[in-house]
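Just query.pdb here, PDB, C-alpha atoms, pLDDT in the B column:
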MODEL        1
ATOM      1  CA  MET A   1      19.456 -46.879  24.144  1.00 52.00           C
ATOM      2  CA  LYS A   2      20.341 -44.830  21.081  1.00 60.00           C
ATOM      3  CA  ARG A   3      17.777 -42.527  19.506  1.00 55.00           C
ATOM      4  CA  PRO A   4      17.508 -42.405  15.739  1.00 60.00           C
ATOM      5  CA  LEU A   5      19.369 -39.518  14.115  1.00 60.00           C
ATOM      6  CA  TRP A   6      16.150 -38.029  12.727  1.00 57.00           C
ATOM      7  CA  ILE A   7      14.834 -37.336  16.240  1.00 57.00           C
ATOM      8  CA  GLY A   8      17.876 -35.239  17.085  1.00 53.00           C
ATOM      9  CA  MET A   9      17.574 -33.390  13.788  1.00 50.00           C
ATOM     10  CA  LEU A  10      13.887 -32.783  14.441  1.00 52.00           C
ATOM     11  CA  VAL A  11      14.647 -31.311  17.876  1.00 55.00           C
ATOM     12  CA  LEU A  12      17.335 -29.043  16.416  1.00 52.00           C
ATOM     13  CA  GLY A  13      14.961 -27.953  13.650  1.00 52.00           C
ATOM     14  CA  LEU A  14      12.235 -27.071  16.135  1.00 48.00           C
ATOM     15  CA  LEU A  15      14.689 -25.095  18.236  1.00 50.00           C
ATOM     16  CA  ALA A  16      15.744 -23.157  15.134  1.00 48.00           C
ATOM     17  CA  VAL A  17      12.106 -22.428  14.243  1.00 45.00           C
ATOM     18  CA  PHE A  18      11.309 -21.140  17.742  1.00 47.00           C
ATOM     19  CA  ALA A  19      14.459 -19.019  17.777  1.00 45.00           C
ATOM     20  CA  GLY A  20      13.464 -17.518  14.422  1.00 42.00           C
ATOM     21  CA  VAL A  21       9.983 -16.678  15.687  1.00 36.00           C
ATOM     22  CA  ARG A  22      11.511 -15.012  18.725  1.00 35.00           C
ATOM     23  CA  LEU A  23      13.849 -12.935  16.542  1.00 34.00           C
ATOM     24  CA  ALA A  24      11.013 -11.929  14.229  1.00 35.00           C
ATOM     25  CA  SER A  25       8.843 -10.806  17.129  1.00 36.00           C
ATOM     26  CA  SER A  26      11.468  -8.292  18.225  1.00 39.00           C
ATOM     27  CA  ALA A  27      11.496  -6.619  14.796  1.00 41.00           C
ATOM     28  CA  GLY A  28       9.028  -3.925  15.929  1.00 42.00           C
ATOM     29  CA  SER A  29      11.624  -2.449  18.247  1.00 47.00           C
ATOM     30  CA  GLN A  30      13.854  -1.239  15.438  1.00 50.00           C
ATOM     31  CA  PRO A  31      15.262   2.284  15.799  1.00 54.00           C
ATOM     32  CA  GLY A  32      12.882   4.838  14.365  1.00 66.00           C
ATOM     33  CA  TYR A  33       9.786   2.637  14.518  1.00 88.00           C
ATOM     34  CA  ARG A  34       7.608   2.391  17.549  1.00 95.00           C
ATOM     35  CA  ASN A  35       4.059   1.346  18.211  1.00 97.00           C
ATOM     36  CA  VAL A  36       1.770   4.045  19.586  1.00 97.00           C
ATOM     37  CA  THR A  37      -1.889   4.318  20.538  1.00 98.00           C
ATOM     38  CA  VAL A  38      -4.521   6.461  18.885  1.00 98.00           C
ATOM     39  CA  GLN A  39      -4.379   8.609  22.021  1.00 98.00           C
ATOM     40  CA  ASP A  40      -0.673   9.206  21.360  1.00 98.00           C
ATOM     41  CA  LEU A  41      -1.496  10.336  17.823  1.00 98.00           C
ATOM     42  CA  TYR A  42      -4.343  12.562  18.974  1.00 98.00           C
ATOM     43  CA  GLN A  43      -2.130  14.239  21.584  1.00 98.00           C
ATOM     44  CA  ALA A  44       0.995  14.454  19.415  1.00 97.00           C
ATOM     45  CA  PRO A  45       2.189  18.027  18.975  1.00 97.00           C
ATOM     46  CA  GLU A  46       2.581  19.675  15.587  1.00 96.00           C
ATOM     47  CA  PRO A  47       4.384  19.356  13.336  1.00 97.00           C
ATOM     48  CA  LYS A  48       3.489  15.778  12.517  1.00 98.00           C
ATOM     49  CA  TRP A  49       2.688  13.915   9.314  1.00 98.00           C
ATOM     50  CA  ILE A  50      -0.146  11.377   9.284  1.00 98.00           C
ATOM     51  CA  LEU A  51       0.266   8.723   6.608  1.00 98.00           C
ATOM     52  CA  ASP A  52      -2.783   6.603   5.754  1.00 98.00           C
ATOM     53  CA  VAL A  53      -1.755   3.441   3.893  1.00 98.00           C
ATOM     54  CA  ARG A  54      -5.221   2.085   3.104  1.00 98.00           C
ATOM     55  CA  GLU A  55      -6.802   1.961  -0.333  1.00 98.00           C
ATOM     56  CA  PRO A  56      -8.351   5.104  -1.891  1.00 98.00           C
ATOM     57  CA  TYR A  57     -11.939   3.887  -1.427  1.00 98.00           C
ATOM     58  CA  GLU A  58     -11.277   3.310   2.304  1.00 98.00           C
ATOM     59  CA  PHE A  59      -9.713   6.741   2.679  1.00 98.00           C
ATOM     60  CA  ALA A  60     -12.644   8.377   0.841  1.00 98.00           C
ATOM     61  CA  THR A  61     -15.087   6.733   3.253  1.00 98.00           C
ATOM     62  CA  VAL A  62     -13.402   7.941   6.449  1.00 98.00           C
ATOM     63  CA  HIS A  63      -9.983   9.185   7.537  1.00 98.00           C
ATOM     64  CA  VAL A  64      -8.156  11.089  10.261  1.00 98.00           C
ATOM     65  CA  PRO A  65      -8.173  14.876   9.697  1.00 98.00           C
ATOM     66  CA  GLY A  66      -4.948  15.959   8.034  1.00 98.00           C
ATOM     67  CA  ALA A  67      -3.995  12.446   6.918  1.00 98.00           C
ATOM     68  CA  ARG A  68      -2.362  11.930   3.554  1.00 98.00           C
ATOM     69  CA  LEU A  69      -2.985   8.834   1.474  1.00 98.00           C
ATOM     70  CA  ILE A  70      -0.244   6.642   0.058  1.00 98.00           C
ATOM     71  CA  PRO A  71      -1.572   3.081  -0.320  1.00 98.00           C
ATOM     72  CA  LEU A  72       0.708   0.384   1.033  1.00 98.00           C
ATOM     73  CA  GLY A  73       1.250  -1.043  -2.454  1.00 97.00           C
ATOM     74  CA  GLN A  74       2.680   2.297  -3.633  1.00 98.00           C
ATOM     75  CA  LEU A  75       4.667   3.181  -0.526  1.00 98.00           C
ATOM     76  CA  ALA A  76       8.115   1.992  -1.591  1.00 96.00           C
ATOM     77  CA  GLN A  77       7.891   4.005  -4.822  1.00 97.00           C
ATOM     78  CA  ARG A  78       6.384   7.126  -3.215  1.00 98.00           C
ATOM     79  CA  ALA A  79       8.379   7.293   0.027  1.00 97.00           C
ATOM     80  CA  GLY A  80      10.108  10.417  -1.280  1.00 97.00           C
ATOM     81  CA  GLU A  81       6.851  12.325  -0.692  1.00 98.00           C
ATOM     82  CA  ILE A  82       7.146  11.760   3.059  1.00 98.00           C
ATOM     83  CA  PRO A  83       9.110  14.243   5.171  1.00 97.00           C
ATOM     84  CA  ARG A  84      12.091  12.954   7.117  1.00 95.00           C
ATOM     85  CA  ASP A  85      12.412  15.869   9.519  1.00 95.00           C
ATOM     86  CA  ILE A  86       9.131  15.510  11.466  1.00 96.00           C
ATOM     87  CA  PRO A  87       7.376  12.580  13.165  1.00 97.00           C
ATOM     88  CA  VAL A  88       5.394  10.351  10.790  1.00 98.00           C
ATOM     89  CA  TYR A  89       2.339   8.528  12.178  1.00 98.00           C
ATOM     90  CA  VAL A  90       1.315   5.569  10.021  1.00 98.00           C
ATOM     91  CA  ILE A  91      -2.316   4.450  10.172  1.00 98.00           C
ATOM     92  CA  CYS A  92      -4.520   1.937   8.380  1.00 98.00           C
ATOM     93  CA  ASN A  93      -7.782   0.179   9.196  1.00 98.00           C
ATOM     94  CA  SER A  94      -6.703  -1.990  12.130  1.00 97.00           C
ATOM     95  CA  GLY A  95      -2.911  -1.798  12.426  1.00 95.00           C
ATOM     96  CA  ASN A  96      -1.674  -4.596  10.169  1.00 96.00           C
ATOM     97  CA  ARG A  97      -0.873  -2.635   7.013  1.00 98.00           C
ATOM     98  CA  SER A  98       0.543   0.267   9.024  1.00 98.00           C
ATOM     99  CA  ARG A  99       2.950  -2.126  10.749  1.00 96.00           C
ATOM    100  CA  GLU A 100       4.178  -3.353   7.367  1.00 96.00           C
ATOM    101  CA  ALA A 101       4.399   0.236   6.096  1.00 97.00           C
ATOM    102  CA  SER A 102       6.432   1.224   9.164  1.00 97.00           C
ATOM    103  CA  ARG A 103       8.879  -1.586   8.435  1.00 95.00           C
ATOM    104  CA  ILE A 104       9.198  -0.456   4.811  1.00 96.00           C
ATOM    105  CA  LEU A 105       9.909   3.118   5.873  1.00 97.00           C
ATOM    106  CA  VAL A 106      12.542   2.030   8.387  1.00 96.00           C
ATOM    107  CA  GLN A 107      14.198  -0.063   5.659  1.00 94.00           C
ATOM    108  CA  GLN A 108      14.281   3.083   3.510  1.00 95.00           C
ATOM    109  CA  GLY A 109      16.124   5.003   6.216  1.00 94.00           C
ATOM    110  CA  PHE A 110      13.284   6.785   8.054  1.00 95.00           C
ATOM    111  CA  ARG A 111      13.934   7.109  11.777  1.00 92.00           C
ATOM    112  CA  ASN A 112      10.924   8.908  13.270  1.00 94.00           C
ATOM    113  CA  ILE A 113       8.121   6.469  12.427  1.00 97.00           C
ATOM    114  CA  HIS A 114       5.148   5.759  14.693  1.00 97.00           C
ATOM    115  CA  ASN A 115       2.836   2.822  13.921  1.00 97.00           C
ATOM    116  CA  VAL A 116      -0.695   3.621  15.156  1.00 98.00           C
ATOM    117  CA  GLU A 117      -2.017   0.405  16.692  1.00 97.00           C
ATOM    118  CA  GLY A 118      -5.691  -0.335  16.132  1.00 98.00           C
ATOM    119  CA  GLY A 119      -5.892   2.002  13.131  1.00 98.00           C
ATOM    120  CA  ILE A 120      -8.942   4.020  12.143  1.00 98.00           C
ATOM    121  CA  LYS A 121     -11.167   1.514  13.964  1.00 98.00           C
ATOM    122  CA  ALA A 122      -9.537   2.360  17.291  1.00 98.00           C
ATOM    123  CA  TRP A 123      -9.516   6.070  16.374  1.00 98.00           C
ATOM    124  CA  MET A 124     -13.276   6.067  15.820  1.00 98.00           C
ATOM    125  CA  ALA A 125     -13.912   3.874  18.883  1.00 98.00           C
ATOM    126  CA  ALA A 126     -12.106   6.515  20.954  1.00 98.00           C
ATOM    127  CA  GLY A 127     -14.492   9.146  19.590  1.00 98.00           C
ATOM    128  CA  TYR A 128     -11.856  11.235  17.843  1.00 98.00           C
ATOM    129  CA  PRO A 129     -12.876  13.432  14.864  1.00 98.00           C
ATOM    130  CA  VAL A 130     -12.911  12.010  11.349  1.00 98.00           C
ATOM    131  CA  VAL A 131     -13.381  13.293   7.820  1.00 98.00           C
ATOM    132  CA  ARG A 132     -16.163  11.589   5.866  1.00 96.00           C
TER
ENDMDL
END
Please express the file's structure as structure tokens.
Amino acid sequence: MKRPLWIGMLVLGLLAVFAGVRLASSAGSQPGYRNVTVQDLYQAPEPKWILDVREPYEFATVHVPGARLIPLGQLAQRAGEIPRDIPVYVICNSGNRSREASRILVQQGFRNIHNVEGGIKAWMAAGYPVVR
């Protein structure tokens, strides 16, 4: 019994979609970008650069001591303000914007980028110091 052509095309399309999702999920393992915990950031030796990519009102409310603010929407234009010769730890509220920021930095040639998973929420939950 022959199957209609559209069924075979549907199967091939689904396989392509799943393969694309699998490729996209490995994007976080690019050279120069790795996911780290708030404990890793807290214990990281100096020198290090902490980049907060939240909005100014979020940063003004609470941030990690020593963090510098460059909102995600301005990052591509202001990446020149970020040092390339020391580790850069990227943090946001929960880890979503910092992941995107880490990808942007890698695309701009940065190679020592650390995405802080869980963001400031995880930092505060761990009881680490903050600036208010």
As an exercise, work out the distance from CA of Pro47 in chain A to CA of Val90 in chain A in Å and give it to one decimal place. 14.5 Å
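Nearest to Thr61 in chain A of all the residues A:Asn93, A:Ile82, A:Arg99, A:Leu105 is A:Asn93, based on all atoms listed in the file.
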Which residues come within 10 Å of Ala126 in chain A, counting only C-alpha atoms, excluding same-chain residues fewer than 6 positions away, as number ranges by chain? A: 38-39, 120
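Applied to the file shown here, the PyMOL selection byres ((chain A and resi 85) around 12) selects the residues Pro47, Lys48, Trp49, Ile82, Pro83, Arg84, Ile86, Pro87, Val88, Gly109, Phe110, Arg111, Asn112 and Ile113 of chain A.
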Mind checking which residues fall within 12 Å of Gly119 in chain A, counting all atoms listed in the file, ignoring those fewer than 2 positions away in the same chain, and posting them as a PDB file with C-alpha atoms, in the frame of the given file?
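Wrote result_17.pdb, looks like this:
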ATOM      1  CA  ASN A  35       4.059   1.346  18.211  1.00 97.00           C
ATOM      2  CA  VAL A  36       1.770   4.045  19.586  1.00 97.00           C
ATOM      3  CA  THR A  37      -1.889   4.318  20.538  1.00 98.00           C
ATOM      4  CA  VAL A  38      -4.521   6.461  18.885  1.00 98.00           C
ATOM      5  CA  GLN A  39      -4.379   8.609  22.021  1.00 98.00           C
ATOM      6  CA  LEU A  41      -1.496  10.336  17.823  1.00 98.00           C
ATOM      7  CA  ILE A  50      -0.146  11.377   9.284  1.00 98.00           C
ATOM      8  CA  LEU A  51       0.266   8.723   6.608  1.00 98.00           C
ATOM      9  CA  ASP A  52      -2.783   6.603   5.754  1.00 98.00           C
ATOM     10  CA  VAL A  53      -1.755   3.441   3.893  1.00 98.00           C
ATOM     11  CA  ARG A  54      -5.221   2.085   3.104  1.00 98.00           C
ATOM     12  CA  VAL A  62     -13.402   7.941   6.449  1.00 98.00           C
ATOM     13  CA  HIS A  63      -9.983   9.185   7.537  1.00 98.00           C
ATOM     14  CA  VAL A  64      -8.156  11.089  10.261  1.00 98.00           C
ATOM     15  CA  TYR A  89       2.339   8.528  12.178  1.00 98.00           C
ATOM     16  CA  VAL A  90       1.315   5.569  10.021  1.00 98.00           C
ATOM     17  CA  ILE A  91      -2.316   4.450  10.172  1.00 98.00           C
ATOM     18  CA  CYS A  92      -4.520   1.937   8.380  1.00 98.00           C
ATOM     19  CA  ASN A  93      -7.782   0.179   9.196  1.00 98.00           C
ATOM     20  CA  SER A  94      -6.703  -1.990  12.130  1.00 97.00           C
ATOM     21  CA  GLY A  95      -2.911  -1.798  12.426  1.00 95.00           C
ATOM     22  CA  ASN A  96      -1.674  -4.596  10.169  1.00 96.00           C
ATOM     23  CA  ARG A  97      -0.873  -2.635   7.013  1.00 98.00           C
ATOM     24  CA  SER A  98       0.543   0.267   9.024  1.00 98.00           C
ATOM     25  CA  ARG A  99       2.950  -2.126  10.749  1.00 96.00           C
ATOM     26  CA  HIS A 114       5.148   5.759  14.693  1.00 97.00           C
ATOM     27  CA  ASN A 115       2.836   2.822  13.921  1.00 97.00           C
ATOM     28  CA  VAL A 116      -0.695   3.621  15.156  1.00 98.00           C
ATOM     29  CA  GLU A 117      -2.017   0.405  16.692  1.00 97.00           C
ATOM     30  CA  LYS A 121     -11.167   1.514  13.964  1.00 98.00           C
ATOM     31  CA  ALA A 122      -9.537   2.360  17.291  1.00 98.00           C
ATOM     32  CA  TRP A 123      -9.516   6.070  16.374  1.00 98.00           C
ATOM     33  CA  MET A 124     -13.276   6.067  15.820  1.00 98.00           C
ATOM     34  CA  ALA A 125     -13.912   3.874  18.883  1.00 98.00           C
ATOM     35  CA  ALA A 126     -12.106   6.515  20.954  1.00 98.00           C
ATOM     36  CA  TYR A 128     -11.856  11.235  17.843  1.00 98.00           C
TER      37      TYR A 128
END
One decimal, in Å: what's the spacing between CA of Gly80 in chain A and CA of Arg68 in chain A? 13.5 Å
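One finds CA of Arg34 in chain A at 21.6 Å from CA of Pro65 in chain A.
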Kindly provide, as JSON, the centre and edge lengths (Å, one decimal) of an axis-aligned box around all atoms of range 76-87 of chain A given in the file, with 5 Å on each side.
{"center_x": 9.4, "center_y": 8.9, "center_z": 4.2, "size_x": 16.0, "size_y": 23.9, "size_z": 28.0}
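Closest approach to Pro129 in chain A from the set A:Gln74, A:Val106, A:Tyr42, A:Glu81 is made by A:Tyr42, with distances taken over all atoms listed in the file.
Each of A:Gln43, A:Arg78, A:Val130, A:Tyr33 was checked against Glu100 in chain A using all atoms listed in the file; the smallest atom-to-atom distance is that of A:Tyr33.
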Rebuild N, CA, C and O atoms on range 72-90 of chain A, as a compact mmCIF listing (two decimals), in the frame of the given file?
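Heads up, here's the output in rebuild-v1.txt:
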# COMPACT_ATOMS: atom_id res chain seq x y z
N LEU A 72 -0.43 1.23 0.71
CA LEU A 72 0.71 0.38 1.03
C LEU A 72 1.41 -0.13 -0.22
O LEU A 72 2.64 -0.14 -0.28
N GLY A 73 0.66 -0.52 -1.23
CA GLY A 73 1.25 -1.04 -2.45
C GLY A 73 2.09 -0.04 -3.23
O GLY A 73 2.88 -0.41 -4.09
N GLN A 74 1.92 1.25 -2.95
CA GLN A 74 2.68 2.30 -3.63
C GLN A 74 3.76 2.92 -2.75
O GLN A 74 4.53 3.77 -3.20
N LEU A 75 3.82 2.50 -1.50
CA LEU A 75 4.67 3.18 -0.53
C LEU A 75 6.15 3.18 -0.89
O LEU A 75 6.80 4.23 -0.82
N ALA A 76 6.68 2.05 -1.29
CA ALA A 76 8.12 1.99 -1.59
C ALA A 76 8.49 2.97 -2.70
O ALA A 76 9.54 3.62 -2.64
N GLN A 77 7.61 3.11 -3.70
CA GLN A 77 7.89 4.00 -4.82
C GLN A 77 7.64 5.47 -4.47
O GLN A 77 8.23 6.36 -5.09
N ARG A 78 6.76 5.74 -3.52
CA ARG A 78 6.38 7.13 -3.22
C ARG A 78 6.94 7.63 -1.87
O ARG A 78 6.57 8.70 -1.42
N ALA A 79 7.84 6.90 -1.28
CA ALA A 79 8.38 7.29 0.03
C ALA A 79 9.04 8.66 0.00
O ALA A 79 9.09 9.35 1.02
N GLY A 80 9.49 9.10 -1.16
CA GLY A 80 10.11 10.42 -1.28
C GLY A 80 9.15 11.56 -1.00
O GLY A 80 9.58 12.69 -0.77
N GLU A 81 7.85 11.30 -0.99
CA GLU A 81 6.85 12.32 -0.69
C GLU A 81 6.70 12.57 0.81
O GLU A 81 6.04 13.52 1.22
N ILE A 82 7.30 11.71 1.61
CA ILE A 82 7.15 11.76 3.06
C ILE A 82 8.31 12.52 3.68
O ILE A 82 9.47 12.23 3.37
N PRO A 83 8.01 13.49 4.56
CA PRO A 83 9.11 14.24 5.17
C PRO A 83 9.93 13.38 6.13
O PRO A 83 9.41 12.47 6.76
N ARG A 84 11.20 13.69 6.22
CA ARG A 84 12.09 12.95 7.12
C ARG A 84 12.42 13.75 8.37
O ARG A 84 13.06 13.23 9.27
N ASP A 85 12.00 15.01 8.42
CA ASP A 85 12.41 15.87 9.52
C ASP A 85 11.33 16.08 10.58
O ASP A 85 11.55 16.84 11.53
N ILE A 86 10.18 15.43 10.45
CA ILE A 86 9.13 15.51 11.47
C ILE A 86 8.59 14.10 11.73
O ILE A 86 8.76 13.20 10.90
N PRO A 87 7.94 13.90 12.87
CA PRO A 87 7.38 12.58 13.16
C PRO A 87 6.31 12.18 12.14
O PRO A 87 5.49 13.00 11.73
N VAL A 88 6.36 10.91 11.73
CA VAL A 88 5.39 10.35 10.79
C VAL A 88 4.58 9.30 11.54
O VAL A 88 5.15 8.35 12.10
N TYR A 89 3.26 9.47 11.55
CA TYR A 89 2.34 8.53 12.18
C TYR A 89 1.66 7.75 11.07
O TYR A 89 1.00 8.33 10.21
N VAL A 90 1.83 6.43 11.08
CA VAL A 90 1.32 5.57 10.02
C VAL A 90 0.05 4.87 10.53
O VAL A 90 0.07 4.23 11.58
